[in-house]
Amino acid sequence: MEKRVRVRFAPSPTGGLHMGGVRTALFNYLFAKKHGGDFILRIEDTDQNRFVKGAEEYIVAALKWCGIEPNEGVGFGNGIHQPYRQSERKELGIYQKYADKLVASGHAYYAFDTEEELDAMRKRLEAAKVAAPQYNAVTRQNMRNSLTLAEDEVKNLVESKTKHVVRLKVPRNEEIRFNDIIRGWVTVNSSQVDDKVLLKSDGMPTYHLAHIVDDIEMEISHAVRGEEWLPSAPAHILIYRYLGLEDQMPKLAHLPLILNPDGNGKISKREARFPVFPLSWQDPRETAPYIGYKEAGYYPEAFINILALLGWNPGTNEEIFSVAELAKLFDFERVHKSGAKFDPEKAKWFNQQYLRKKTDQELADYFKPVLQEKGYNRDNEFVVSFCKLVKEKVQFVHEFWEQGKYVFESPTLYDEKVMAKKWKPESKTLFTSVYAKFKTVKEWKVETITTSFHEAEAELGKIDMQLLRVLVTGVAGGPQLFDMLALIGKSETLNRIETALSKL
RNA sequence: GGCCCGUUCGUCUAGGGGUCAGGACACGUCCCUUUCACGGAUGAAACACGGGUUCGAUUCCCGUACGGGCUACCA
């Protein structure tokens, strides 16, 4: 029988969760949903030096905003495998137990080398032009460990609580093969794998040991993680094997990375000229926060949609998908092997697609507080009408103000390009007549304005609409002109034309 | 450097032994529009290179180049 699908997202609380991490979480989530399985949040806080305050809370908040909530784990209710924080599991002695087992079976050993000794070893190997300096089957013979030291000496050292680590005893020359769901068979010779530290001298497990122990104990069926883990996967295979748990090992899936748009490499928060965090992130060690997608005006649905299509696609020409649709369609078979450069421009387009799906009322509800902040109070009907007109011009809700502020504020400047090109000496007389014509309109609405305008043209000849637009709004472009005039109102429109004429 | 992974328009990608190599973003042109957009149409734009295998390779294999990842008592 197939194991129940149980996947985990297991970040370490060393900073804000960036978009690459969210994408990994998303693919885990989609896979779990697709198969009716569980999606677990496990916190891998085994590095106490890199622990960052607030990071864990941020991770939980970010997943919530994205709408990809785990159904088990830290911050998401209880589960039968508590605790879900590795520092707490360590207190329970869980990892020690497995490490002891590996030592007992001869697949791991104690190493007493100090930092200085390790440095010296690496320098020695580098000087000897060794291609890959590492603690391995060869070099461990010259180091201070339970393999080279006398038995009673080891016993003394351990009993006297001398600082030591537990290392995996990796065989010298052995082919290690594993089948990655996304990449297929990967083969690595064990000579390329170092004797990984399993238990650190502070008693904490390393990622390598901890994630395996937890994946087993939490009955994880698939380990879905970023490509950066591919090189250490062979070591993980060995650990499962030596623990006698190879048959219970989760299937592995290594996701391609999200790369910088320009230049190369993984997305870095410092260089990016677009948001990299879902929510704004204030690192306690830094002064300025990093703005998030949320604050940049992205809808979570859009953000998720963007991420989903980075490294995966459904094989059709469709591009807009809800999370629920993605969960139906998602499949590792259609996940790429190669990294994807992130395109901020297309990201904006995605957001625009979602913005257009919003109702005018929804947009108005968002815009009202913005408007109030600017010092304007208008009734709901007015704001809804405004949003209806301006929505087609924007990609983000925050652009409503910039794109349509002239509805609320009279222009002080008039688009130079249009004026230079179209404003003629006789224009003043012409628009003075238009002004007079508009003044006679009784009920100021789109239809009457249109009729009035047509009548004016019949009497006066062709009237440049863009010029009229600039006179009233100051800018060259915008929503349908008569709609705008109707919204701005009769007296305000007339005032503005009058003001403009007096200045030109 | 070593090891691992990868390589279709600028970008995200579809495709897969015989296709006009398809779509999307961005960009150009046109249509619609007395303004502005939306929309529609259309254009330019890609199989990294070299060898095989094959009647035929973008597709399969091998090299090379290039890119990325890893190379910690970090994850």
# chains A, B, ... in the order shown; residues from 1 in each chain; ligands from 1
$ closest_atom_pairs --of "chain B" --to "chain A" --cutoff "6 Å" --atoms "only C-alpha atoms (C1' of nucleotides)" --output "JSON lines"
{"residue": "B:G2", "atom": "C1'", "partner": "A:Ala131", "partner_atom": "CA", "distance": 5.2}
{"residue": "B:C4", "atom": "C1'", "partner": "A:Pro231", "partner_atom": "CA", "distance": 5.9}
{"residue": "B:G6", "atom": "C1'", "partner": "A:Ser338", "partner_atom": "CA", "distance": 5.2}
{"residue": "B:G23", "atom": "C1'", "partner": "A:Asn317", "partner_atom": "CA", "distance": 5.4}
{"residue": "B:C25", "atom": "C1'", "partner": "A:Lys346", "partner_atom": "CA", "distance": 4.8}
{"residue": "B:U35", "atom": "C1'", "partner": "A:Met465", "partner_atom": "CA", "distance": 4.6}
{"residue": "B:C36", "atom": "C1'", "partner": "A:Gly478", "partner_atom": "CA", "distance": 4.8}
{"residue": "B:G69", "atom": "C1'", "partner": "A:Glu228", "partner_atom": "CA", "distance": 5.3}
{"residue": "B:C70", "atom": "C1'", "partner": "A:Pro231", "partner_atom": "CA", "distance": 5.5}
{"residue": "B:C73", "atom": "C1'", "partner": "A:Lys200", "partner_atom": "CA", "distance": 4.7}
$ write_last_selection --atoms "N, CA, C and O atoms (P, O5', C5', C4', C3', O3' and C1' of nucleotides)" --output "compact mmCIF listing (two decimals), in the first residue's frame"
# COMPACT_ATOMS: atom_id res chain seq x y z
P G B 2 38.74 20.85 -11.90
O5' G B 2 38.17 20.08 -10.64
C5' G B 2 38.90 18.98 -10.09
C4' G B 2 38.12 18.42 -8.93
C3' G B 2 36.70 17.97 -9.27
O3' G B 2 36.70 16.64 -9.78
C1' G B 2 36.64 19.33 -7.34
P C B 4 30.21 13.98 -10.70
O5' C B 4 28.85 14.70 -10.24
C5' C B 4 28.03 14.08 -9.26
C4' C B 4 26.91 15.02 -8.90
C3' C B 4 26.03 15.46 -10.06
O3' C B 4 25.04 14.50 -10.38
C1' C B 4 26.62 17.34 -8.76
P G B 6 20.35 16.95 -14.94
O5' G B 6 20.26 18.43 -15.53
C5' G B 6 19.05 19.15 -15.49
C4' G B 6 19.31 20.61 -15.68
C3' G B 6 19.43 21.09 -17.12
O3' G B 6 18.14 21.33 -17.65
C1' G B 6 21.16 22.04 -15.83
P G B 23 1.76 31.34 -31.15
O5' G B 23 1.43 31.34 -29.60
C5' G B 23 0.15 30.94 -29.13
C4' G B 23 0.16 30.86 -27.64
C3' G B 23 0.55 32.15 -26.92
O3' G B 23 -0.54 33.05 -26.82
C1' G B 23 1.71 30.34 -25.97
P C B 25 0.58 38.61 -22.81
O5' C B 25 1.87 38.95 -21.94
C5' C B 25 1.77 39.07 -20.52
C4' C B 25 3.11 39.43 -19.96
C3' C B 25 3.74 40.68 -20.55
O3' C B 25 3.24 41.85 -19.93
C1' C B 25 5.36 38.96 -20.46
P U B 35 -9.52 59.86 -31.14
O5' U B 35 -8.71 60.31 -29.84
C5' U B 35 -8.38 61.68 -29.61
C4' U B 35 -8.25 61.89 -28.12
C3' U B 35 -7.67 60.73 -27.38
O3' U B 35 -6.25 60.77 -27.46
C1' U B 35 -9.57 61.53 -26.22
P C B 36 -5.43 59.44 -27.66
O5' C B 36 -5.61 58.72 -26.26
C5' C B 36 -5.17 59.36 -25.06
C4' C B 36 -5.62 58.53 -23.90
C3' C B 36 -5.38 57.04 -24.04
O3' C B 36 -4.03 56.73 -23.75
C1' C B 36 -7.55 57.41 -23.18
P G B 69 24.35 29.77 -7.49
O5' G B 69 24.17 28.29 -6.94
C5' G B 69 22.91 27.84 -6.48
C4' G B 69 23.01 26.39 -6.10
C3' G B 69 24.03 26.06 -5.03
O3' G B 69 23.51 26.30 -3.74
C1' G B 69 24.27 24.55 -6.82
P C B 70 24.51 26.75 -2.58
O5' C B 70 25.35 25.43 -2.32
C5' C B 70 24.70 24.26 -1.82
C4' C B 70 25.67 23.11 -1.85
C3' C B 70 26.98 23.34 -1.11
O3' C B 70 26.83 23.14 0.28
C1' C B 70 27.43 22.37 -3.20
P C B 73 32.57 21.40 9.91
O5' C B 73 31.48 21.55 11.04
C5' C B 73 30.53 20.55 11.26
C4' C B 73 29.61 21.09 12.33
C3' C B 73 29.68 22.62 12.35
O3' C B 73 28.43 23.20 12.01
C1' C B 73 30.28 21.64 14.50
$ residues_around --residues "A:Glu455" --least-positions-apart "3" --cutoff "12 Å" --atoms "only C-alpha atoms (C1' of nucleotides)" --output "list in words"
Ser433, Val434, Ala436, Lys437, Phe438, Thr440, Val441, Thr448, Ile449, Thr450, Thr451, Ser452, Ala458, Glu459, Leu460, Gly461, Lys462 and Ile463 of chain A
$ residues_around --residues "A:Thr412" --least-positions-apart "3" --cutoff "9 Å" --atoms "only C-alpha atoms (C1' of nucleotides)" --output "ChimeraX atom specification"
/A:409,474,500
$ atom_distance --atom1 "atom CA of A:Asp331" --atom2 "atom CA of A:Phe31"
7.1 Å
$ residues_around --residues "B:C30" --least-positions-apart "4" --cutoff "12 Å" --atoms "only C-alpha atoms (C1' of nucleotides)" --output "list in words"
G40, A41, U42 and G43 of chain B
$ select_by_dssp --residues "stretch 37-281 of chain A" --states "strand (DSSP E or B)" --output "PyMOL selection string"
chain A and resi 38-41+43+72-73+85+108-111+145+165-168+175-180+184-189+197-199+205+222-226+251-255+258-259+266+277+281
$ write_last_selection --atoms "C-alpha atoms" --output "PDB file, in the first residue's frame"
ATOM      1  CA  ASP A  38      -0.765  16.395   5.171  1.00  0.00           C
ATOM      2  CA  PHE A  39       1.345  19.489   4.948  1.00  0.00           C
ATOM      3  CA  ILE A  40       3.529  20.054   7.970  1.00  0.00           C
ATOM      4  CA  LEU A  41       5.516  23.018   9.199  1.00  0.00           C
ATOM      5  CA  ILE A  43      11.036  24.505  12.447  1.00  0.00           C
ATOM      6  CA  GLU A  72       0.063  20.346  11.243  1.00  0.00           C
ATOM      7  CA  GLY A  73       3.095  21.836  12.921  1.00  0.00           C
ATOM      8  CA  ARG A  85      10.523  22.484  16.733  1.00  0.00           C
ATOM      9  CA  ALA A 108      29.449   6.849  13.148  1.00  0.00           C
ATOM     10  CA  TYR A 109      32.223   7.851  15.486  1.00  0.00           C
ATOM     11  CA  TYR A 110      33.273  10.454  17.995  1.00  0.00           C
ATOM     12  CA  ALA A 111      35.637  13.174  16.851  1.00  0.00           C
ATOM     13  CA  ASN A 145      38.667  10.498  16.841  1.00  0.00           C
ATOM     14  CA  VAL A 165      31.030  15.690  17.745  1.00  0.00           C
ATOM     15  CA  VAL A 166      29.596  12.568  16.209  1.00  0.00           C
ATOM     16  CA  ARG A 167      30.529  12.053  12.593  1.00  0.00           C
ATOM     17  CA  LEU A 168      29.122   9.778   9.955  1.00  0.00           C
ATOM     18  CA  GLU A 175      28.680   4.324  -5.610  1.00  0.00           C
ATOM     19  CA  ILE A 176      25.633   5.915  -4.073  1.00  0.00           C
ATOM     20  CA  ARG A 177      22.576   6.041  -6.293  1.00  0.00           C
ATOM     21  CA  PHE A 178      19.211   7.544  -5.664  1.00  0.00           C
ATOM     22  CA  ASN A 179      16.170   8.266  -7.728  1.00  0.00           C
ATOM     23  CA  ASP A 180      15.008  11.845  -7.539  1.00  0.00           C
ATOM     24  CA  GLY A 184      15.836  10.858 -12.152  1.00  0.00           C
ATOM     25  CA  TRP A 185      18.803   8.761 -11.158  1.00  0.00           C
ATOM     26  CA  VAL A 186      21.703  10.588  -9.596  1.00  0.00           C
ATOM     27  CA  THR A 187      24.938   8.803  -8.888  1.00  0.00           C
ATOM     28  CA  VAL A 188      27.692  10.017  -6.626  1.00  0.00           C
ATOM     29  CA  ASN A 189      30.806   8.299  -5.398  1.00  0.00           C
ATOM     30  CA  VAL A 197      28.885  15.955  11.538  1.00  0.00           C
ATOM     31  CA  LEU A 198      25.695  14.431  12.894  1.00  0.00           C
ATOM     32  CA  LEU A 199      25.738  15.736  16.419  1.00  0.00           C
ATOM     33  CA  PRO A 205      22.005  17.639  15.804  1.00  0.00           C
ATOM     34  CA  HIS A 222       8.193  12.910   0.270  1.00  0.00           C
ATOM     35  CA  ALA A 223      11.057  15.254   1.018  1.00  0.00           C
ATOM     36  CA  VAL A 224      10.570  18.205  -1.291  1.00  0.00           C
ATOM     37  CA  ARG A 225      13.294  20.793  -1.044  1.00  0.00           C
ATOM     38  CA  GLY A 226      15.520  23.128  -3.056  1.00  0.00           C
ATOM     39  CA  LYS A 251      10.989   9.930  -1.821  1.00  0.00           C
ATOM     40  CA  LEU A 252      13.225  12.816  -2.789  1.00  0.00           C
ATOM     41  CA  ALA A 253      12.308  15.757  -4.993  1.00  0.00           C
ATOM     42  CA  HIS A 254      14.811  18.542  -5.540  1.00  0.00           C
ATOM     43  CA  LEU A 255      13.229  21.692  -6.881  1.00  0.00           C
ATOM     44  CA  ILE A 258      14.559  30.778  -8.547  1.00  0.00           C
ATOM     45  CA  LEU A 259      17.281  32.933 -10.041  1.00  0.00           C
ATOM     46  CA  LYS A 266      19.927  32.686  -6.359  1.00  0.00           C
ATOM     47  CA  PHE A 277       9.776  38.671   0.818  1.00  0.00           C
ATOM     48  CA  TRP A 281      10.643  41.882   6.864  1.00  0.00           C
TER      49      TRP A 281
END
